[in-house]
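The structure file data-v1.cif is reproduced below (mmCIF, C-alpha atoms).
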data_target
loop_
_atom_site.label_atom_id
_atom_site.label_comp_id
_atom_site.auth_asym_id
_atom_site.auth_seq_id
_atom_site.Cartn_x
_atom_site.Cartn_y
_atom_site.Cartn_z
CA MET A 5 -43.29 18.92 -0.40
CA ASN A 6 -41.80 16.52 -2.84
CA GLY A 7 -42.24 18.23 -6.23
CA HIS A 8 -39.62 19.06 -8.82
CA PRO A 9 -37.07 21.66 -7.77
CA THR A 10 -38.42 25.02 -8.76
CA ARG A 11 -35.17 26.47 -10.05
CA PRO A 12 -32.77 24.65 -12.40
CA GLU A 13 -29.72 25.90 -10.48
CA ASP A 14 -30.82 23.78 -7.53
CA PHE A 15 -29.31 20.78 -9.28
CA ASP A 16 -25.99 22.58 -9.70
CA LEU A 17 -26.00 23.73 -6.09
CA TYR A 18 -26.77 20.17 -4.98
CA ALA A 19 -23.96 18.80 -7.18
CA LEU A 20 -21.67 21.43 -5.74
CA GLY A 21 -22.47 20.21 -2.24
CA ALA A 22 -23.56 23.65 -1.09
CA LEU A 23 -27.07 22.66 -0.05
CA GLU A 24 -27.65 21.44 3.48
CA GLY A 25 -30.36 20.61 5.96
CA GLU A 26 -33.93 20.71 4.68
CA GLU A 27 -32.95 21.99 1.24
CA ARG A 28 -30.69 19.03 0.70
CA ALA A 29 -33.10 16.48 2.17
CA THR A 30 -35.95 17.74 -0.01
CA ILE A 31 -34.05 17.45 -3.27
CA GLU A 32 -32.61 14.07 -2.28
CA SER A 33 -36.01 12.58 -1.52
CA HIS A 34 -37.30 13.86 -4.84
CA LEU A 35 -34.33 12.54 -6.81
CA ALA A 36 -34.91 9.09 -5.40
CA THR A 37 -38.24 8.85 -7.24
CA CYS A 38 -37.91 11.11 -10.29
CA ALA A 39 -35.90 9.82 -13.26
CA ALA A 40 -36.20 13.10 -15.15
CA CYS A 41 -34.66 15.05 -12.30
CA ALA A 42 -31.97 12.37 -11.86
CA ASN A 43 -30.98 13.06 -15.47
CA LYS A 44 -30.88 16.79 -14.79
CA LEU A 45 -28.65 16.11 -11.80
CA ALA A 46 -26.30 14.02 -13.98
CA GLU A 47 -25.95 17.02 -16.32
CA ALA A 48 -25.41 19.36 -13.38
CA GLN A 49 -22.75 17.00 -12.00
CA GLY A 50 -20.98 17.27 -15.34
CA ARG A 51 -21.10 21.08 -15.37
CA ILE A 52 -19.82 21.31 -11.82
CA ALA A 53 -17.11 18.72 -12.55
CA LEU A 54 -15.71 21.09 -15.18
CA LEU A 55 -14.73 23.52 -12.40
CA ALA A 56 -11.80 21.18 -11.84
CA PHE A 57 -10.22 22.80 -14.89
CA ALA A 58 -9.89 26.05 -12.96
CA ALA A 59 -7.15 24.37 -10.90
CA PRO A 60 -3.52 25.04 -11.86
CA ARG A 61 -2.10 22.17 -13.84
CA VAL A 62 -0.03 19.74 -11.75
CA ASP A 63 1.32 16.69 -13.54
CA ALA A 64 1.50 13.48 -11.54
CA SER A 65 4.90 12.00 -10.82
CA PRO A 66 5.83 9.12 -13.18
CA ALA A 67 6.28 7.03 -10.03
CA VAL A 68 2.50 6.98 -9.51
CA LYS A 69 1.93 5.20 -12.81
CA GLU A 70 4.75 2.76 -12.03
CA ARG A 71 3.20 1.97 -8.64
CA LEU A 72 -0.23 1.58 -10.19
CA MET A 73 1.02 -0.90 -12.78
CA ARG A 74 2.82 -2.88 -10.08
CA GLN A 75 -0.33 -2.82 -7.98
CA ILE A 76 -2.53 -4.23 -10.73
CA HIS A 77 0.00 -7.00 -11.36
CA ALA A 78 -0.34 -7.99 -7.71
CA ALA A 79 -4.15 -7.65 -7.63
CA PRO A 80 -6.05 -10.94 -7.58
CA SER A 81 -8.58 -10.54 -10.35
CA SER A 82 -9.56 -12.20 -13.58
CA ALA A 83 -11.36 -11.38 -16.81
CA SER A 84 -13.98 -13.99 -16.07
CA ALA A 85 -14.66 -12.41 -12.69
CA GLN A 86 -15.05 -9.04 -14.37
CA ARG A 87 -17.39 -10.46 -16.99
CA ALA A 88 -19.42 -12.14 -14.27
CA GLU A 89 -19.69 -8.83 -12.44
CA ARG A 90 -20.92 -7.16 -15.61
CA ARG A 91 -23.53 -9.86 -16.20
CA THR A 92 -24.69 -9.50 -12.61
CA ARG A 93 -24.94 -5.74 -13.00
CA GLU A 94 -26.92 -6.02 -16.26
CA ALA A 95 -29.28 -8.58 -14.76
CA GLU A 96 -29.85 -6.33 -11.77
CA ARG A 97 -30.53 -3.34 -13.99
CA SER A 98 -32.98 -5.24 -16.22
CA ALA A 99 -34.84 -6.47 -13.19
CA GLY A 100 -35.76 -2.85 -12.44
CA PHE A 101 -37.49 -2.24 -9.17
CA PHE A 102 -36.89 -5.72 -7.84
CA ALA A 103 -33.20 -5.40 -8.57
CA ARG A 104 -32.98 -2.78 -5.83
CA TRP A 105 -34.22 -5.32 -3.33
CA GLY A 106 -31.82 -7.87 -4.83
CA ALA A 107 -28.99 -5.43 -4.49
CA ALA A 108 -30.06 -4.65 -0.95
CA ILE A 109 -29.56 -8.33 -0.14
CA LEU A 110 -26.70 -9.14 -2.49
CA ILE A 111 -24.46 -6.23 -1.61
CA PRO A 112 -24.49 -6.93 2.17
CA ALA A 113 -24.16 -10.66 1.39
CA ALA A 114 -21.18 -9.98 -0.88
CA ALA A 115 -19.72 -7.75 1.81
CA VAL A 116 -20.16 -10.51 4.40
CA LEU A 117 -18.64 -13.04 2.00
CA ALA A 118 -15.72 -10.71 1.28
CA LEU A 119 -15.24 -10.12 5.01
CA ALA A 120 -15.35 -13.86 5.70
CA THR A 121 -12.80 -14.44 2.92
CA ILE A 122 -10.50 -11.79 4.34
CA LEU A 123 -10.88 -13.24 7.84
CA LEU A 124 -10.12 -16.77 6.63
CA TRP A 125 -7.20 -15.54 4.59
CA THR A 126 -5.83 -13.62 7.57
CA GLN A 127 -6.36 -16.61 9.82
CA ASN A 128 -4.60 -18.85 7.31
CA ILE A 129 -1.60 -16.52 7.19
CA ARG A 130 -1.51 -16.44 10.99
CA LEU A 131 -1.70 -20.23 11.23
CA ASP A 132 1.05 -20.62 8.61
CA ARG A 133 3.24 -18.25 10.60
CA GLU A 134 2.50 -20.07 13.85
CA VAL A 135 3.31 -23.44 12.24
CA ALA A 136 6.58 -22.04 10.87
CA GLU A 137 7.45 -20.65 14.33
CA GLU A 138 6.61 -23.97 15.96
CA ARG A 139 8.77 -25.83 13.45
CA ALA A 140 11.66 -23.44 14.07
CA ALA A 141 11.26 -23.86 17.85
CA ILE A 142 11.19 -27.66 17.51
CA ALA A 143 14.30 -27.60 15.31
CA ALA A 144 16.08 -25.39 17.87
CA GLN A 145 15.06 -27.73 20.70
CA GLN A 146 16.21 -30.77 18.71
CA LYS A 147 19.57 -29.07 18.11
CA GLN A 148 19.93 -28.33 21.82
CA LEU A 149 18.97 -31.93 22.64
CA ASP A 150 21.54 -33.29 20.18
CA GLU A 151 24.23 -31.03 21.62
CA ALA A 152 23.33 -32.07 25.16
CA ARG A 153 23.47 -35.74 24.14
CA HIS A 154 26.86 -35.26 22.48
CA GLU A 155 28.07 -33.41 25.56
CA VAL A 156 27.00 -36.26 27.84
CA ASP A 157 28.54 -38.82 25.49
CA LEU A 158 31.77 -36.86 25.36
CA MET A 159 32.03 -36.34 29.12
CA SER A 160 31.13 -39.92 29.99
CA ALA A 161 33.43 -41.60 27.44
CA LYS A 162 36.45 -43.25 29.04
CA ASP A 163 38.78 -42.24 26.19
CA THR A 164 37.92 -38.52 26.37
CA ILE A 165 40.90 -36.39 27.32
CA THR A 166 40.87 -33.03 29.07
CA VAL A 167 43.51 -30.45 28.19
CA ALA A 168 44.18 -27.18 30.00
CA LEU A 169 45.35 -24.37 27.73
CA ALA A 170 47.72 -21.88 29.40
CA PRO A 171 48.41 -18.29 28.31
CA GLN A 172 51.70 -17.57 26.55
CA PRO A 173 54.04 -14.79 27.72
CA GLY A 174 53.11 -11.38 26.42
CA MET A 175 49.79 -12.60 25.02
CA PRO A 176 46.18 -11.86 26.11
CA GLN A 177 45.22 -13.71 29.28
CA GLY A 178 42.75 -16.54 29.50
CA ALA A 179 42.03 -19.98 30.91
CA VAL A 180 40.47 -22.65 28.73
CA HIS A 181 39.79 -26.36 29.11
CA VAL A 182 39.27 -28.58 26.09
CA MET A 183 37.61 -32.00 26.25
CA TYR A 184 38.38 -34.10 23.20
CA ASN A 185 37.43 -37.57 22.03
CA ALA A 186 39.35 -38.70 18.92
CA LYS A 187 37.10 -41.69 18.21
CA MET A 188 33.94 -39.54 18.29
CA GLY A 189 35.61 -36.56 16.64
CA MET A 190 33.98 -34.34 19.26
CA LEU A 191 35.50 -31.38 21.07
CA MET A 192 34.07 -29.20 23.79
CA CYS A 193 35.63 -26.01 25.06
CA ASP A 194 35.02 -24.01 28.27
CA GLY A 195 36.76 -21.06 29.85
CA TRP A 196 37.39 -17.38 29.15
CA VAL A 197 39.78 -15.17 27.24
CA GLU A 198 40.66 -11.47 27.13
CA PRO A 199 39.38 -9.31 24.25
CA ALA A 200 41.07 -9.90 20.93
CA PRO A 201 42.71 -6.88 19.25
CA LYS A 202 40.65 -5.01 16.65
CA ASP A 203 40.13 -6.90 13.36
CA LYS A 204 41.45 -10.13 14.95
CA SER A 205 39.74 -13.37 15.99
CA TYR A 206 40.70 -16.24 18.27
CA GLN A 207 40.95 -19.53 16.38
CA LEU A 208 41.26 -22.94 18.05
CA TRP A 209 43.50 -25.57 16.49
CA LEU A 210 43.93 -29.27 17.04
CA VAL A 211 47.59 -30.06 16.49
CA PRO A 212 47.76 -33.73 15.43
CA MET A 213 50.58 -36.17 15.98
CA ASP A 214 51.14 -36.11 12.26
CA GLY A 215 50.28 -33.51 9.73
CA LYS A 216 49.08 -29.93 9.73
CA PRO A 217 46.93 -28.29 12.42
CA ILE A 218 43.18 -28.72 12.01
CA SER A 219 40.93 -25.76 12.67
CA ALA A 220 38.44 -26.43 15.45
CA GLY A 221 36.62 -23.16 14.87
CA VAL A 222 36.75 -19.42 15.31
CA LEU A 223 35.28 -17.74 18.39
CA SER A 224 32.30 -15.70 17.24
CA ALA A 225 32.57 -13.28 20.17
CA PRO A 226 35.87 -11.34 20.46
CA SER A 227 36.13 -12.11 24.20
CA GLY A 228 34.34 -13.28 27.30
CA PRO A 229 33.32 -16.69 28.61
CA ILE A 230 33.42 -19.74 26.40
CA ASP A 231 30.55 -21.94 27.50
CA HIS A 232 30.23 -25.55 26.30
CA TRP A 233 31.47 -24.71 22.83
CA MET A 234 30.92 -27.94 20.88
CA MET A 235 32.73 -28.69 17.64
CA LYS A 236 32.66 -31.67 15.30
CA LEU A 237 36.06 -32.69 13.92
CA PRO A 238 37.35 -35.48 11.69
CA GLN A 239 37.19 -38.79 13.57
CA GLY A 240 40.27 -40.75 14.59
CA VAL A 241 42.78 -37.90 14.77
CA THR A 242 45.11 -38.24 17.74
CA ALA A 243 45.86 -34.83 19.23
CA LYS A 244 49.35 -33.74 20.25
CA ALA A 245 48.21 -30.33 21.50
CA PHE A 246 45.51 -27.67 21.32
CA ALA A 247 46.14 -23.98 20.79
CA PHE A 248 44.32 -20.69 20.35
CA THR A 249 45.99 -18.33 17.89
CA LEU A 250 45.20 -14.75 16.93
CA GLU A 251 44.17 -14.65 13.29
CA PRO A 252 42.70 -12.08 10.94
CA SER A 253 38.99 -11.58 11.63
CA GLY A 254 37.04 -14.63 10.48
CA GLY A 255 39.95 -17.09 10.78
CA MET A 256 42.44 -18.71 8.42
CA PRO A 257 42.84 -22.19 6.85
CA GLN A 258 46.15 -22.62 8.65
CA PRO A 259 47.55 -20.75 11.65
CA THR A 260 49.40 -17.54 10.75
CA GLY A 261 49.31 -15.60 14.01
CA PRO A 262 50.88 -15.94 17.43
CA MET A 263 49.80 -18.62 19.88
CA VAL A 264 47.83 -17.15 22.78
CA LEU A 265 46.82 -20.25 24.75
CA VAL A 266 48.47 -23.61 24.39
CA GLY A 267 48.02 -27.01 26.06
CA PRO A 268 49.69 -30.36 25.36
CA ALA A 269 47.37 -33.32 24.92
CA THR A 270 49.78 -35.83 26.32
CA MET B 2 -6.39 5.95 -34.40
CA ARG B 3 -7.16 7.00 -30.84
CA ALA B 4 -9.24 4.48 -28.87
CA THR B 5 -12.39 5.83 -27.25
CA ASP B 6 -12.89 5.67 -23.50
CA THR B 7 -15.57 3.04 -24.03
CA ALA B 8 -13.22 0.84 -26.06
CA LEU B 9 -10.52 1.18 -23.43
CA ILE B 10 -12.95 0.28 -20.64
CA GLU B 11 -13.94 -2.84 -22.57
CA LYS B 12 -10.26 -3.78 -22.85
CA ILE B 13 -9.71 -3.18 -19.13
CA VAL B 14 -12.58 -5.58 -18.42
CA GLN B 15 -10.54 -8.11 -20.44
CA ARG B 16 -7.53 -7.32 -18.17
CA ASP B 17 -5.63 -5.29 -20.76
CA GLU B 18 -3.04 -3.35 -18.74
CA MET B 19 -2.11 -1.17 -21.71
CA ALA B 20 -5.69 0.08 -21.84
CA LEU B 21 -5.49 1.17 -18.21
CA ALA B 22 -2.15 2.84 -18.92
CA ALA B 23 -3.74 4.68 -21.86
CA LEU B 24 -6.62 5.96 -19.74
CA TYR B 25 -4.16 6.97 -17.06
CA ASP B 26 -2.12 8.95 -19.57
CA ARG B 27 -5.29 10.58 -20.81
CA TYR B 28 -6.71 11.73 -17.49
CA ALA B 29 -4.00 11.62 -14.79
CA ALA B 30 -2.92 15.26 -15.20
CA MET B 31 -6.54 16.45 -15.08
CA LEU B 32 -7.13 14.55 -11.83
CA SER B 33 -3.75 15.36 -10.35
CA SER B 34 -4.42 19.06 -10.81
CA VAL B 35 -7.74 19.06 -8.98
CA LEU B 36 -6.46 16.73 -6.24
CA ASN B 37 -3.48 18.97 -5.57
CA ARG B 38 -5.64 22.08 -5.60
CA ILE B 39 -8.00 20.61 -3.01
CA LEU B 40 -5.48 18.84 -0.80
CA ARG B 41 -2.36 20.98 -1.25
CA ASP B 42 -0.47 17.80 -0.40
CA THR B 43 1.35 16.04 -3.25
CA GLN B 44 1.69 12.72 -1.46
CA ALA B 45 -1.99 12.53 -0.51
CA ALA B 46 -2.97 13.58 -4.03
CA GLU B 47 -0.83 10.85 -5.57
CA GLU B 48 -2.27 8.22 -3.21
CA ILE B 49 -5.81 9.10 -4.24
CA LEU B 50 -4.87 9.28 -7.92
CA GLN B 51 -3.41 5.78 -7.81
CA ASP B 52 -6.36 4.50 -5.82
CA ILE B 53 -8.91 5.87 -8.30
CA PHE B 54 -7.26 4.12 -11.25
CA PHE B 55 -6.85 0.93 -9.23
CA GLN B 56 -10.56 1.08 -8.45
CA LEU B 57 -11.22 1.52 -12.17
CA TRP B 58 -9.08 -1.56 -12.86
CA ARG B 59 -10.93 -3.67 -10.32
CA ASN B 60 -14.44 -2.47 -11.11
CA ALA B 61 -14.32 -1.59 -14.80
CA ALA B 62 -17.10 -4.09 -15.51
CA GLN B 63 -19.43 -2.08 -13.31
CA PHE B 64 -18.87 1.11 -15.23
CA ASP B 65 -21.59 1.67 -17.83
CA PRO B 66 -20.42 4.24 -20.45
CA SER B 67 -23.99 4.63 -21.70
CA ARG B 68 -25.01 6.11 -18.35
CA GLY B 69 -22.38 8.80 -18.19
CA SER B 70 -18.94 10.10 -19.02
CA LEU B 71 -15.81 8.43 -17.70
CA PRO B 72 -13.81 11.66 -17.16
CA GLY B 73 -16.89 13.18 -15.52
CA TRP B 74 -17.08 10.24 -13.14
CA LEU B 75 -13.33 10.41 -12.51
CA LEU B 76 -13.55 14.12 -11.68
CA VAL B 77 -16.49 13.63 -9.31
CA ILE B 78 -14.78 10.73 -7.55
CA ALA B 79 -11.49 12.63 -7.29
CA ARG B 80 -13.18 15.66 -5.76
CA ASN B 81 -15.25 13.55 -3.36
CA ARG B 82 -12.22 11.56 -2.25
CA ALA B 83 -10.08 14.65 -1.75
CA ILE B 84 -12.74 16.49 0.24
CA SER B 85 -13.41 13.37 2.28
CA ARG B 86 -9.68 13.21 3.03
CA LEU B 87 -9.79 16.84 4.15
CA ARG B 88 -12.75 16.05 6.39
CA ARG B 89 -11.41 12.68 7.55
CA HIS B 90 -14.37 10.81 6.11
CA ASN B 91 -14.17 7.65 4.00
CA PRO B 92 -16.89 7.19 1.39
CA ALA B 93 -17.89 3.66 0.46
CA GLU B 94 -16.35 2.63 -2.83
CA GLY B 95 -19.44 0.86 -4.10
CA GLU B 96 -21.60 3.93 -3.58
CA GLU B 97 -19.27 5.98 -5.71
CA LEU B 98 -19.46 3.58 -8.62
CA LEU B 99 -23.14 2.91 -8.64
CA GLU B 100 -24.56 6.24 -7.67
CA ASN B 101 -22.51 8.77 -9.57
CA THR B 102 -23.84 9.30 -13.05
CA VAL B 103 -22.15 12.28 -14.62
CA VAL B 104 -22.88 13.72 -18.05
CA LEU B 105 -20.22 16.07 -19.35
CA PRO B 106 -21.26 18.74 -21.84
CA SER B 107 -18.26 17.96 -24.03
CA THR B 108 -15.80 15.14 -24.71
CA LEU B 109 -12.41 15.16 -23.03
CA GLU B 110 -10.77 12.27 -24.81
CA SER B 111 -8.10 14.36 -26.52
CA ALA B 112 -5.48 16.60 -24.97
CA VAL B 113 -6.63 19.39 -27.30
CA ALA B 114 -10.20 19.14 -26.02
CA GLN B 115 -8.93 19.31 -22.45
CA GLU B 116 -6.77 22.35 -23.21
CA GLN B 117 -9.69 24.13 -24.83
CA LEU B 118 -11.88 23.39 -21.85
CA ILE B 119 -9.25 24.66 -19.43
CA GLY B 120 -9.25 27.95 -21.32
CA ARG B 121 -13.04 28.20 -21.27
CA VAL B 122 -13.39 27.33 -17.57
CA LYS B 123 -10.63 29.68 -16.47
CA GLY B 124 -12.09 32.44 -18.63
CA ALA B 125 -15.56 31.88 -17.19
CA MET B 126 -14.23 31.89 -13.62
CA GLU B 127 -12.22 35.07 -14.17
CA ASN B 128 -15.29 36.83 -15.53
CA LEU B 129 -17.23 36.18 -12.33
CA PRO B 130 -17.41 38.95 -9.73
CA VAL B 131 -14.68 38.41 -7.12
CA GLU B 132 -17.12 37.49 -4.31
CA GLN B 133 -18.94 34.97 -6.49
CA ARG B 134 -15.69 33.41 -7.62
CA ALA B 135 -14.47 33.15 -4.03
CA ALA B 136 -17.75 31.56 -2.93
CA ILE B 137 -17.74 28.98 -5.69
CA GLU B 138 -14.09 28.15 -5.07
CA LEU B 139 -14.82 27.58 -1.38
CA ALA B 140 -17.71 25.31 -2.31
CA TYR B 141 -15.95 23.34 -5.04
CA PHE B 142 -12.35 23.13 -3.85
CA GLU B 143 -12.99 23.04 -0.10
CA GLY B 144 -16.38 21.33 -0.07
CA LEU B 145 -18.05 24.00 2.06
CA THR B 146 -21.82 24.34 2.31
CA HIS B 147 -23.73 27.64 2.26
CA SER B 148 -23.55 28.14 6.01
CA GLU B 149 -19.91 27.05 6.22
CA ILE B 150 -18.99 29.63 3.57
CA ALA B 151 -20.95 32.26 5.49
CA ARG B 152 -19.03 31.41 8.65
CA ARG B 153 -15.72 31.42 6.78
CA THR B 154 -16.27 34.76 5.03
CA GLY B 155 -18.37 36.46 7.70
CA ASP B 156 -21.06 37.28 5.14
CA PRO B 157 -24.77 36.79 5.82
CA LEU B 158 -26.12 33.37 4.81
CA GLY B 159 -28.63 34.90 2.37
CA THR B 160 -25.84 36.81 0.63
CA VAL B 161 -23.80 33.65 0.24
CA LYS B 162 -26.77 31.79 -1.22
CA THR B 163 -27.43 34.53 -3.71
CA ARG B 164 -23.79 34.70 -4.74
CA LEU B 165 -23.53 31.00 -5.31
CA ARG B 166 -26.78 30.81 -7.23
CA SER B 167 -25.70 33.72 -9.45
CA ALA B 168 -22.31 32.12 -9.97
CA VAL B 169 -23.70 28.77 -11.11
CA GLU B 170 -26.20 30.53 -13.39
CA THR B 171 -23.44 32.52 -15.07
CA LEU B 172 -21.12 29.52 -15.36
CA LYS B 173 -23.87 27.39 -16.82
CA ARG B 174 -24.51 30.05 -19.46
CA ASN B 175 -20.84 30.50 -20.30
CA LEU B 176 -19.69 26.89 -20.18
CA LEU B 177 -22.38 25.25 -22.25
CA PRO B 178 -21.27 24.79 -25.85
#

As structure tokens, how would this structure be written, given the file I've shared?
Amino acid sequence: MNGHPTRPEDFDLYALGALEGEERATIESHLATCAACANKLAEAQGRIALLAFAAPRVDASPAVKERLMRQIHAAPSSASAQRAERRTREAERSAGFFARWGAAILIPAAAVLALATILLWTQNIRLDREVAEERAAIAAQQKQLDEARHEVDLMSAKDTITVALAPQPGMPQGAVHVMYNAKMGMLMCDGWVEPAPKDKSYQLWLVPMDGKPISAGVLSAPSGPIDHWMMKLPQGVTAKAFAFTLEPSGGMPQPTGPMVLVGPAT
Amino acid sequence: MRATDTALIEKIVQRDEMALAALYDRYAAMLSSVLNRILRDTQAAEEILQDIFFQLWRNAAQFDPSRGSLPGWLLVIARNRAISRLRRHNPAEGEELLENTVVLPSTLESAVAQEQLIGRVKGAMENLPVEQRAAIELAYFEGLTHSEIARRTGDPLGTVKTRLRSAVETLKRNLLP
């Protein structure tokens, strides 16, 4: 049986979604071929849609509109694309029966194209990320290589001096060796030191023969081993001594705190 | 002068954000109400509300005002989406746009028209016998079929069918202008 529904309420019941099984299949197969009944269904859809007004009024949060407007700003779309879509739709409609076959091909094709675009886009993002990671890894390796080269240069240079820094009475304990080359302006530090008091940092100073102490850096960790800590300093400064002082967290331009470890360079 | 839905759709096709904002202001409360009634979940309702208007923004060129009413389409899509969310089913977006032609018996472009319709629909629903009203609410707001309503209420399937048919007959009579 594929005739018109016998009772007009059938359209409303179908629009309501209450029909099922054979009842639903029968009306669906008829609607697919009968324009008059499709119009009746459109009217029934409208009547049933009005039942929404039986719901208690709930206003949407203003945040939804704000999010929507942000979302459309971010959406990749254009007026020309929209106009092209409309022209495509009108052409399909005017083509009548054949348009359905066209749509049957075009819609899956568009879906495949969209999927391919998404895949390529995703792949592109992934490749960009991988390239960025590779570049970062190469930069890190280059930095390590440079440090290793400087370390070798410093240790093998005949004019490099080694200074042992000894703890001062009443101060935190530690044992540190400094290797320094004035011509290269390079300094390397190894050893260990007890934890610094709260809100304090250890700061290493080069005390020159003439002039004010030069900061050689602030220990980033409050305590523990100091392992091949390389610092670049002004070249040509002859050292009289090296010292660790306790300074306010983050260090100071000039020493203000007590000396913890000290070692003469001569 | 108030722009018609058709004029606003044309402007949205031209990427006029103010036109979308105007349609949102016109219909968001109507959709928010039905979404919240079906889902009883404000966050989920707001997600769907935003998504529907975003879909309208993206696909406005596909909407043909001569084939049906915009608020009618919005209401059908909102209900379908909400019930699909309840049933953990995702309808295809393209199907919604192309296949849902909805003709409303009256215009809803003004707030006054919407208020009047709210009064008429609520009045019509309240005048239904309690069992018929319950059956139609289960069908519309929960998306239940005849047999699912029968299982839910414990009533015979034939009784449920008769109730629903009577309810839609009465509503049709009372809601038509």

Among listed residues B:Gln51, B:Ser67, B:Ser85, B:Gln117, nearest chain A (using all atoms listed in the file):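 Comparing B:Gln51, B:Ser67, B:Ser85, B:Gln117 against chain A, the winner is B:Gln51.
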
Give as number ranges by chain every residue of chain B that touches chain A within 7 Å, counting only C-alpha atoms. B: 14-16, 29-30, 33-35, 38, 47, 51, 55, 62-63, 73, 76-77, 102-106, 119, 122-123, 140-141, 144-147, 166, 169-170

Selection under test: the PyMOL selection byres ((chain B and resi 49) around 8); residues as a CSV table (one decimal) with C-alpha atoms, in the coordinates of the input:
chain,number,residue,atom,x,y,z
B,36,LEU,CA,-6.5,16.7,-6.2
B,45,ALA,CA,-2.0,12.5,-0.5
B,46,ALA,CA,-3.0,13.6,-4.0
B,47,GLU,CA,-0.8,10.8,-5.6
B,48,GLU,CA,-2.3,8.2,-3.2
B,50,LEU,CA,-4.9,9.3,-7.9
B,51,GLN,CA,-3.4,5.8,-7.8
B,52,ASP,CA,-6.4,4.5,-5.8
B,53,ILE,CA,-8.9,5.9,-8.3
B,79,ALA,CA,-11.5,12.6,-7.3
B,82,ARG,CA,-12.2,11.6,-2.2
B,83,ALA,CA,-10.1,14.6,-1.8

Report the residues retrieved by the PyMOL selection byres ((chain B and resi 161) around 12) from the displayed file, expressed as a PyMOL selection string. (chain A and resi 17+22-23) or (chain B and resi 132-137+139-140+145-160+162-168)

Translate the PyMOL selection byres ((chain A and resi 183) around 6) into a concrete residue list for this structure, as a list in words.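 Checked against the file, the PyMOL selection byres ((chain A and resi 183) around 6) matches Ile165, Thr166, Val182, Tyr184, Leu191 and Met192 of chain A.
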
I want to know what sits within 8 Å of segment 124-127 of chain B, based on only C-alpha atoms, with residues of the same chain fewer than 2 positions away left out; could you give that as a list of chain:residue names?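 So, after excluding close chain neighbours, the residues are A:Ala58, B:Gly120, B:Arg121, B:Val122, B:Leu129, B:Pro130, B:Arg134, B:Leu172, B:Asn175, B:Leu176.
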
Point-to-point distance from atom CA of Ala186 of chain A to atom CA of Trp233 of chain A, Å rounded to tenths: 16.5 Å

What is the distance, in Å and to one decimal place, between atom CA of Met31 of chain B and atom CA of Arg28 of chain A? 29.0 Å
